[in-house]
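Peer 1: This is upload_37.cif (mmCIF, C-alpha atoms).
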```cif
data_final
loop_
_atom_site.label_atom_id
_atom_site.label_comp_id
_atom_site.auth_asym_id
_atom_site.auth_seq_id
_atom_site.Cartn_x
_atom_site.Cartn_y
_atom_site.Cartn_z
CA MET A 1227 0.00 0.00 0.00
CA ALA A 1228 1.28 3.40 -0.86
CA GLY A 1229 2.65 5.48 1.98
CA LEU A 1230 3.88 2.58 4.12
CA PRO A 1231 7.37 1.15 4.41
CA LYS A 1232 7.61 -2.08 2.43
CA GLU A 1233 8.19 -4.32 5.46
CA SER A 1234 6.04 -2.65 8.09
CA LEU A 1235 3.15 -3.62 10.34
CA ALA A 1236 1.70 -0.10 10.27
CA TRP A 1237 -1.20 -1.51 8.24
CA LEU A 1238 -2.27 -3.47 11.34
CA ASP A 1239 -2.47 -0.31 13.41
CA GLN A 1240 -4.43 1.45 10.68
CA LEU A 1241 -6.74 -1.55 10.37
CA GLU A 1242 -7.49 -1.38 14.10
CA LEU A 1243 -8.17 2.37 13.79
CA LEU A 1244 -10.54 1.65 10.90
CA ARG A 1245 -12.41 -0.93 12.98
CA ALA A 1246 -12.76 1.58 15.82
CA GLN A 1247 -14.61 4.01 13.54
CA PRO A 1248 -18.42 3.94 13.42
CA ALA A 1249 -19.94 2.03 10.52
CA SER A 1250 -21.67 5.19 9.38
CA ALA A 1251 -18.37 7.09 8.95
CA SER A 1252 -17.94 8.55 5.48
CA ARG A 1253 -14.81 8.09 3.40
CA ALA A 1254 -13.85 11.73 4.01
CA GLU A 1255 -14.13 11.21 7.77
CA LEU A 1256 -12.05 8.06 7.53
CA GLN A 1257 -9.43 9.90 5.47
CA ASN A 1258 -9.18 12.62 8.11
CA THR A 1259 -9.06 10.20 11.03
CA LEU A 1260 -6.61 7.73 9.49
CA LYS A 1261 -4.67 10.39 7.57
CA VAL A 1262 -4.50 8.27 4.43
CA LYS A 1263 -5.56 8.48 0.79
CA ASN A 1264 -8.91 7.26 -0.46
CA SER A 1265 -7.36 4.25 -2.23
CA HIS A 1266 -5.62 3.28 1.01
CA ILE A 1267 -9.01 3.12 2.75
CA SER A 1268 -10.18 0.70 0.06
CA ASN A 1269 -7.15 -1.49 0.72
CA LEU A 1270 -7.77 -1.38 4.46
CA ARG A 1271 -11.39 -2.44 3.92
CA ILE A 1272 -10.13 -5.43 1.94
CA LEU A 1273 -7.98 -6.35 4.94
CA THR A 1274 -10.98 -6.59 7.29
CA CYS A 1275 -10.82 -10.38 6.84
CA TYR A 1276 -7.95 -10.20 9.34
CA ASP A 1277 -9.93 -10.82 12.51
CA PRO A 1278 -8.34 -10.21 15.95
CA LYS A 1279 -7.01 -13.78 16.03
CA ALA A 1280 -5.30 -13.29 12.64
CA VAL A 1281 -3.90 -9.91 13.70
CA GLU A 1282 -2.43 -11.52 16.81
CA LYS A 1283 -0.80 -14.26 14.70
CA VAL A 1284 0.79 -11.65 12.44
CA ARG A 1285 2.09 -9.66 15.41
CA GLN A 1286 3.49 -12.81 17.07
CA ALA A 1287 5.32 -13.78 13.88
CA ALA A 1288 6.93 -10.32 13.81
CA ASN A 1289 8.05 -10.63 17.44
CA GLN A 1290 9.48 -14.17 17.22
CA MET A 1291 13.09 -14.96 16.48
CA PRO A 1292 13.71 -15.05 13.60
CA SER A 1293 11.01 -12.52 12.88
CA TYR A 1294 8.76 -12.49 9.85
CA THR A 1295 6.93 -9.31 8.89
CA LEU A 1296 3.83 -9.80 6.77
CA SER A 1297 3.99 -6.73 4.55
CA SER A 1298 0.91 -4.83 3.47
CA ASN A 1299 1.25 -6.19 -0.10
CA SER A 1300 1.52 -9.74 1.24
CA ALA A 1301 -1.50 -9.16 3.48
CA LEU A 1302 -3.50 -7.90 0.49
CA ALA A 1303 -2.42 -10.89 -1.59
CA LEU A 1304 -3.62 -13.27 1.12
CA ALA A 1305 -6.86 -11.32 1.53
CA GLU A 1306 -7.67 -12.17 -2.11
CA LEU A 1307 -8.58 -15.63 -0.81
CA LYS A 1308 -11.87 -14.21 0.49
CA LYS A 1309 -12.97 -13.60 -3.13
CA SER A 1310 -12.69 -17.32 -3.95
CA SER A 1311 -15.43 -19.90 -3.65
CA VAL A 1312 -13.46 -21.87 -1.02
CA HIS A 1313 -13.21 -18.94 1.39
CA SER A 1314 -14.14 -19.46 5.02
CA ALA A 1315 -12.60 -18.31 8.26
CA ASP A 1316 -10.92 -21.70 8.61
CA THR A 1317 -9.39 -21.67 5.13
CA PHE A 1318 -8.13 -18.12 5.67
CA HIS A 1319 -6.51 -19.04 8.99
CA THR A 1320 -5.03 -22.19 7.45
CA ALA A 1321 -3.52 -20.12 4.63
CA LEU A 1322 -2.27 -17.51 7.12
CA ASP A 1323 -0.68 -20.18 9.33
CA PHE A 1324 0.99 -21.74 6.27
CA THR A 1325 2.23 -18.32 5.12
CA LEU A 1326 3.65 -17.42 8.51
CA SER A 1327 5.24 -20.81 9.15
CA ARG A 1328 6.87 -20.95 5.70
CA ARG A 1329 7.68 -17.20 5.68
CA LEU A 1330 6.32 -16.85 2.16
CA ALA A 1331 7.13 -13.95 -0.14
CA THR A 1332 4.29 -12.04 -1.82
CA LYS A 1333 4.66 -13.94 -5.12
CA HIS A 1334 4.34 -17.24 -3.24
CA ILE A 1335 1.29 -15.97 -1.34
CA LYS A 1336 -0.39 -15.06 -4.64
CA ALA A 1337 0.36 -18.54 -5.97
CA LEU A 1338 -0.94 -20.10 -2.72
CA VAL A 1339 -4.21 -18.19 -3.07
CA LEU A 1340 -4.58 -19.39 -6.68
CA TRP A 1341 -3.74 -22.93 -5.53
CA MET A 1342 -6.36 -22.92 -2.77
CA ALA A 1343 -8.96 -21.18 -4.95
CA SER A 1344 -8.66 -24.07 -7.39
CA GLY A 1345 -9.73 -26.41 -4.59
CA LYS A 1346 -6.34 -27.95 -3.81
CA PRO A 1347 -5.36 -28.45 -0.15
CA VAL A 1348 -2.77 -26.11 1.32
CA GLU A 1349 -0.62 -29.06 2.46
CA THR A 1350 0.16 -29.98 -1.15
CA PHE A 1351 1.39 -26.50 -2.09
CA ASP A 1352 5.12 -26.30 -2.73
CA PRO A 1353 6.48 -22.73 -2.86
CA SER A 1354 9.61 -23.91 -4.66
CA GLN A 1355 7.45 -24.87 -7.65
CA VAL A 1356 6.25 -21.30 -8.23
CA LYS A 1357 7.68 -19.74 -11.34
CA VAL A 1358 7.19 -16.03 -12.02
CA ILE A 1359 6.96 -15.00 -15.64
CA ARG A 1360 7.94 -11.36 -15.95
CA PRO A 1361 6.25 -9.44 -18.75
CA PRO A 1362 8.32 -6.79 -20.51
CA LYS A 1363 8.50 -3.54 -18.59
CA ARG A 1364 5.96 -0.91 -19.52
CA HIS A 1365 6.55 2.76 -19.05
CA THR A 1366 3.54 3.86 -17.03
CA ASN A 1367 2.80 6.04 -14.06
CA GLU A 1368 1.63 3.07 -11.97
CA ASN A 1369 2.85 2.88 -8.41
CA PRO A 1370 5.10 -0.21 -8.13
CA GLN A 1371 4.00 -0.79 -4.53
CA GLU A 1372 0.34 -1.14 -5.46
CA LEU A 1373 -0.94 -4.71 -5.49
CA SER A 1374 -1.67 -5.89 -8.99
CA ASP A 1375 -5.04 -7.47 -9.67
CA ASP A 1376 -3.42 -9.37 -12.53
CA ASP A 1377 -2.07 -12.75 -11.44
CA SER A 1378 -1.19 -13.77 -15.00
CA ASP A 1379 2.51 -13.59 -14.15
CA LEU A 1380 2.22 -16.54 -11.76
CA GLU A 1381 2.39 -20.13 -12.80
CA VAL A 1382 2.54 -23.18 -10.58
CA LYS A 1383 4.79 -25.89 -11.99
CA ALA A 1384 3.54 -29.46 -12.00
CA THR A 1385 5.19 -31.66 -9.38
CA ASP A 1386 6.94 -34.88 -10.32
CA GLU A 1387 3.92 -36.85 -9.11
CA GLU A 1388 1.57 -34.82 -11.34
CA LYS A 1389 3.97 -35.26 -14.29
CA LEU A 1390 3.97 -39.02 -13.72
CA LYS A 1391 0.15 -39.09 -13.70
CA ILE A 1392 0.05 -37.13 -16.97
CA PHE A 1393 2.63 -39.47 -18.53
CA ILE A 1394 0.63 -42.56 -17.50
CA MET A 1395 -2.56 -41.03 -18.88
CA LEU A 1396 -0.83 -40.35 -22.20
CA ILE A 1397 0.37 -43.96 -22.40
CA ILE A 1398 -3.17 -45.21 -21.71
CA VAL A 1399 -4.58 -42.92 -24.41
CA PHE A 1400 -2.00 -44.13 -26.95
CA VAL A 1401 -2.69 -47.78 -26.08
CA VAL A 1402 -6.46 -47.32 -26.38
CA PHE A 1403 -6.17 -45.56 -29.73
CA GLY A 1404 -3.62 -48.13 -30.91
CA LEU A 1405 -5.95 -51.01 -30.04
CA LEU A 1406 -8.86 -49.19 -31.64
CA GLY A 1407 -6.83 -48.69 -34.83
CA TRP A 1408 -5.76 -52.34 -34.84
CA LEU A 1409 -9.38 -53.45 -34.39
CA ILE A 1410 -10.56 -51.24 -37.25
CA TRP A 1411 -7.77 -52.62 -39.47
CA LYS A 1412 -8.81 -56.21 -38.64
CA VAL A 1413 -12.46 -55.45 -39.44
CA VAL A 1414 -11.50 -53.88 -42.77
CA VAL A 1415 -9.30 -56.87 -43.71
CA TRP A 1416 -12.06 -59.31 -42.72
CA VAL A 1417 -14.66 -57.40 -44.76
CA ILE A 1418 -12.31 -57.37 -47.81
CA HIS A 1419 -11.80 -61.17 -47.56
CA LEU A 1420 -15.55 -61.72 -47.48
CA PHE A 1421 -16.03 -60.20 -50.91
#
```
Kindly transcribe the structure held in the file into structure tokens.
Peer 2:
Amino acid sequence: MAGLPKESLAWLDQLELLRAQPASASRAELQNTLKVKNSHISNLRILTCYDPKAVEKVRQAANQMPSYTLSSNSALALAELKKSSVHSADTFHTALDFTLSRRLATKHIKALVLWMASGKPVETFDPSQVKVIRPPKRHTNENPQELSDDDSDLEVKATDEEKLKIFIMLIIVFVVFGLLGWLIWKVVVWVIHLF
């Protein structure tokens, strides 16, 4: 989020300030109280999926040795899980626990969210299999710290087990088509010998 140091927990403090405001507070009132831009308020509202238990987990991870600071961009990436069909408080906390225990970078968190949104269990996610495809640089006025809604630069590589399954399926397909071709050839030869 713009205006925050890259590896800072200031977003947690601002999130708690946002929660302390009345529900009827306008965006202008929130801007004055929180002293942030309008877009920053939108990002903070996205982060409301971080309940007090999740906030405590993030703070504990930052205070442990070795410490791990969940940056605002990483927090936003993980919050994208709530947009998926598999979102629940349990899945969010499972993803958060996995992120904190593995000390995932933002690109890995994005890939984890895509992984879980596709219905795969978090235990089978391997961060080392994430490959980032960098598009050519564009000359724009975009803020590089803003979270991109485009996850097209992430790709999860197939594991060796998945590659083996695909290979076996290909062999089965070739065998079935081979047998089908052989059977058709036999029928054609038999029909020719009848006449």
Peer 1: Quick one: pull the distance between CA of Thr1325 (chain A) and CA of Leu1338 (chain A), Å, one decimal.
Peer 2: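 Computed distance, CA of Thr1325 (chain A) to CA of Leu1338 (chain A), equals 8.6 Å.
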Peer 1: Can you give me, as a list in words, the residues this file yields under the PyMOL selection byres ((chain A and resi 1310) around 9)?
Peer 2: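 So the PyMOL selection byres ((chain A and resi 1310) around 9) ends up selecting Glu1306, Leu1307, Lys1308, Lys1309, Ser1311, Val1312, His1313, Val1339, Leu1340, Met1342, Ala1343 and Ser1344 of chain A.
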Peer 1: Please compute the CA of Leu1322 (chain A)-CA of Thr1385 (chain A) distance, one decimal, in Å.
Peer 2: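 Separation between CA of Leu1322 (chain A) and CA of Thr1385 (chain A): 23.0 Å.
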Peer 1: Starting from the shown file, work through the PyMOL selection byres ((chain A and resi 1336) around 9) and note down what comes out as a PDB file with C-alpha atoms, in the frame of the given file.
Peer 2:
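Wrote expr05.pdb, looks like this:
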```pdb
ATOM      1  CA  SER A1300       1.520  -9.740   1.240  1.00  0.00           C
ATOM      2  CA  ALA A1303      -2.420 -10.890  -1.590  1.00  0.00           C
ATOM      3  CA  LEU A1304      -3.620 -13.270   1.120  1.00  0.00           C
ATOM      4  CA  GLU A1306      -7.670 -12.170  -2.110  1.00  0.00           C
ATOM      5  CA  ALA A1331       7.130 -13.950  -0.140  1.00  0.00           C
ATOM      6  CA  THR A1332       4.290 -12.040  -1.820  1.00  0.00           C
ATOM      7  CA  LYS A1333       4.660 -13.940  -5.120  1.00  0.00           C
ATOM      8  CA  HIS A1334       4.340 -17.240  -3.240  1.00  0.00           C
ATOM      9  CA  ILE A1335       1.290 -15.970  -1.340  1.00  0.00           C
ATOM     10  CA  ALA A1337       0.360 -18.540  -5.970  1.00  0.00           C
ATOM     11  CA  LEU A1338      -0.940 -20.100  -2.720  1.00  0.00           C
ATOM     12  CA  VAL A1339      -4.210 -18.190  -3.070  1.00  0.00           C
ATOM     13  CA  LEU A1340      -4.580 -19.390  -6.680  1.00  0.00           C
ATOM     14  CA  TRP A1341      -3.740 -22.930  -5.530  1.00  0.00           C
ATOM     15  CA  ASP A1377      -2.070 -12.750 -11.440  1.00  0.00           C
ATOM     16  CA  LEU A1380       2.220 -16.540 -11.760  1.00  0.00           C
TER      17      LEU A1380
END
```
Peer 1: List as a PyMOL selection string the residues having at least one atom at most 8 Å from position (1.6, -5.7, 17.3) as given in the file, counting only C-alpha atoms.
Peer 2: chain A and resi 1235+1238-1239+1281-1282+1284-1286+1288
Peer 1: So that I can see what lies close to Leu1260 (chain A), please list as a list in words the residues with an atom at most 8 Å from it, counting only C-alpha atoms and leaving out residues fewer than 2 positions away in the same chain.
Peer 2: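 The filter keeps Gln1240, Leu1243, Leu1244, Leu1256, Gln1257, Asn1258 and Val1262 of chain A.
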Peer 1: Export region 1243-1301 of chain A, C-alpha atoms, as a PDB file, in the first residue's frame; it's the structure right above.
Peer 2:
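Wrote it out as selection34.pdb, contents follow:
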```pdb
ATOM      1  CA  LEU A1243      -8.173   2.369  13.790  1.00  0.00           C
ATOM      2  CA  LEU A1244     -10.542   1.646  10.900  1.00  0.00           C
ATOM      3  CA  ARG A1245     -12.414  -0.933  12.982  1.00  0.00           C
ATOM      4  CA  ALA A1246     -12.760   1.582  15.823  1.00  0.00           C
ATOM      5  CA  GLN A1247     -14.614   4.011  13.544  1.00  0.00           C
ATOM      6  CA  PRO A1248     -18.415   3.937  13.424  1.00  0.00           C
ATOM      7  CA  ALA A1249     -19.938   2.026  10.524  1.00  0.00           C
ATOM      8  CA  SER A1250     -21.667   5.192   9.380  1.00  0.00           C
ATOM      9  CA  ALA A1251     -18.371   7.091   8.946  1.00  0.00           C
ATOM     10  CA  SER A1252     -17.940   8.551   5.478  1.00  0.00           C
ATOM     11  CA  ARG A1253     -14.808   8.087   3.399  1.00  0.00           C
ATOM     12  CA  ALA A1254     -13.849  11.725   4.010  1.00  0.00           C
ATOM     13  CA  GLU A1255     -14.130  11.213   7.772  1.00  0.00           C
ATOM     14  CA  LEU A1256     -12.055   8.055   7.530  1.00  0.00           C
ATOM     15  CA  GLN A1257      -9.425   9.897   5.472  1.00  0.00           C
ATOM     16  CA  ASN A1258      -9.181  12.621   8.106  1.00  0.00           C
ATOM     17  CA  THR A1259      -9.060  10.199  11.030  1.00  0.00           C
ATOM     18  CA  LEU A1260      -6.610   7.730   9.491  1.00  0.00           C
ATOM     19  CA  LYS A1261      -4.669  10.394   7.565  1.00  0.00           C
ATOM     20  CA  VAL A1262      -4.496   8.270   4.425  1.00  0.00           C
ATOM     21  CA  LYS A1263      -5.555   8.484   0.789  1.00  0.00           C
ATOM     22  CA  ASN A1264      -8.910   7.257  -0.461  1.00  0.00           C
ATOM     23  CA  SER A1265      -7.358   4.247  -2.226  1.00  0.00           C
ATOM     24  CA  HIS A1266      -5.622   3.284   1.006  1.00  0.00           C
ATOM     25  CA  ILE A1267      -9.005   3.124   2.748  1.00  0.00           C
ATOM     26  CA  SER A1268     -10.185   0.703   0.064  1.00  0.00           C
ATOM     27  CA  ASN A1269      -7.154  -1.487   0.716  1.00  0.00           C
ATOM     28  CA  LEU A1270      -7.773  -1.380   4.464  1.00  0.00           C
ATOM     29  CA  ARG A1271     -11.386  -2.438   3.921  1.00  0.00           C
ATOM     30  CA  ILE A1272     -10.125  -5.433   1.938  1.00  0.00           C
ATOM     31  CA  LEU A1273      -7.982  -6.354   4.943  1.00  0.00           C
ATOM     32  CA  THR A1274     -10.979  -6.593   7.292  1.00  0.00           C
ATOM     33  CA  CYS A1275     -10.822 -10.383   6.838  1.00  0.00           C
ATOM     34  CA  TYR A1276      -7.946 -10.202   9.341  1.00  0.00           C
ATOM     35  CA  ASP A1277      -9.928 -10.822  12.513  1.00  0.00           C
ATOM     36  CA  PRO A1278      -8.339 -10.207  15.953  1.00  0.00           C
ATOM     37  CA  LYS A1279      -7.005 -13.777  16.026  1.00  0.00           C
ATOM     38  CA  ALA A1280      -5.300 -13.294  12.642  1.00  0.00           C
ATOM     39  CA  VAL A1281      -3.904  -9.907  13.702  1.00  0.00           C
ATOM     40  CA  GLU A1282      -2.434 -11.520  16.809  1.00  0.00           C
ATOM     41  CA  LYS A1283      -0.801 -14.260  14.702  1.00  0.00           C
ATOM     42  CA  VAL A1284       0.792 -11.647  12.440  1.00  0.00           C
ATOM     43  CA  ARG A1285       2.090  -9.662  15.407  1.00  0.00           C
ATOM     44  CA  GLN A1286       3.486 -12.810  17.072  1.00  0.00           C
ATOM     45  CA  ALA A1287       5.322 -13.776  13.879  1.00  0.00           C
ATOM     46  CA  ALA A1288       6.928 -10.324  13.807  1.00  0.00           C
ATOM     47  CA  ASN A1289       8.055 -10.635  17.436  1.00  0.00           C
ATOM     48  CA  GLN A1290       9.482 -14.165  17.220  1.00  0.00           C
ATOM     49  CA  MET A1291      13.089 -14.960  16.480  1.00  0.00           C
ATOM     50  CA  PRO A1292      13.711 -15.051  13.597  1.00  0.00           C
ATOM     51  CA  SER A1293      11.014 -12.519  12.875  1.00  0.00           C
ATOM     52  CA  TYR A1294       8.758 -12.488   9.850  1.00  0.00           C
ATOM     53  CA  THR A1295       6.929  -9.309   8.889  1.00  0.00           C
ATOM     54  CA  LEU A1296       3.832  -9.798   6.767  1.00  0.00           C
ATOM     55  CA  SER A1297       3.992  -6.725   4.545  1.00  0.00           C
ATOM     56  CA  SER A1298       0.910  -4.834   3.467  1.00  0.00           C
ATOM     57  CA  ASN A1299       1.251  -6.193  -0.096  1.00  0.00           C
ATOM     58  CA  SER A1300       1.522  -9.741   1.238  1.00  0.00           C
ATOM     59  CA  ALA A1301      -1.497  -9.160   3.476  1.00  0.00           C
TER      60      ALA A1301
END
```
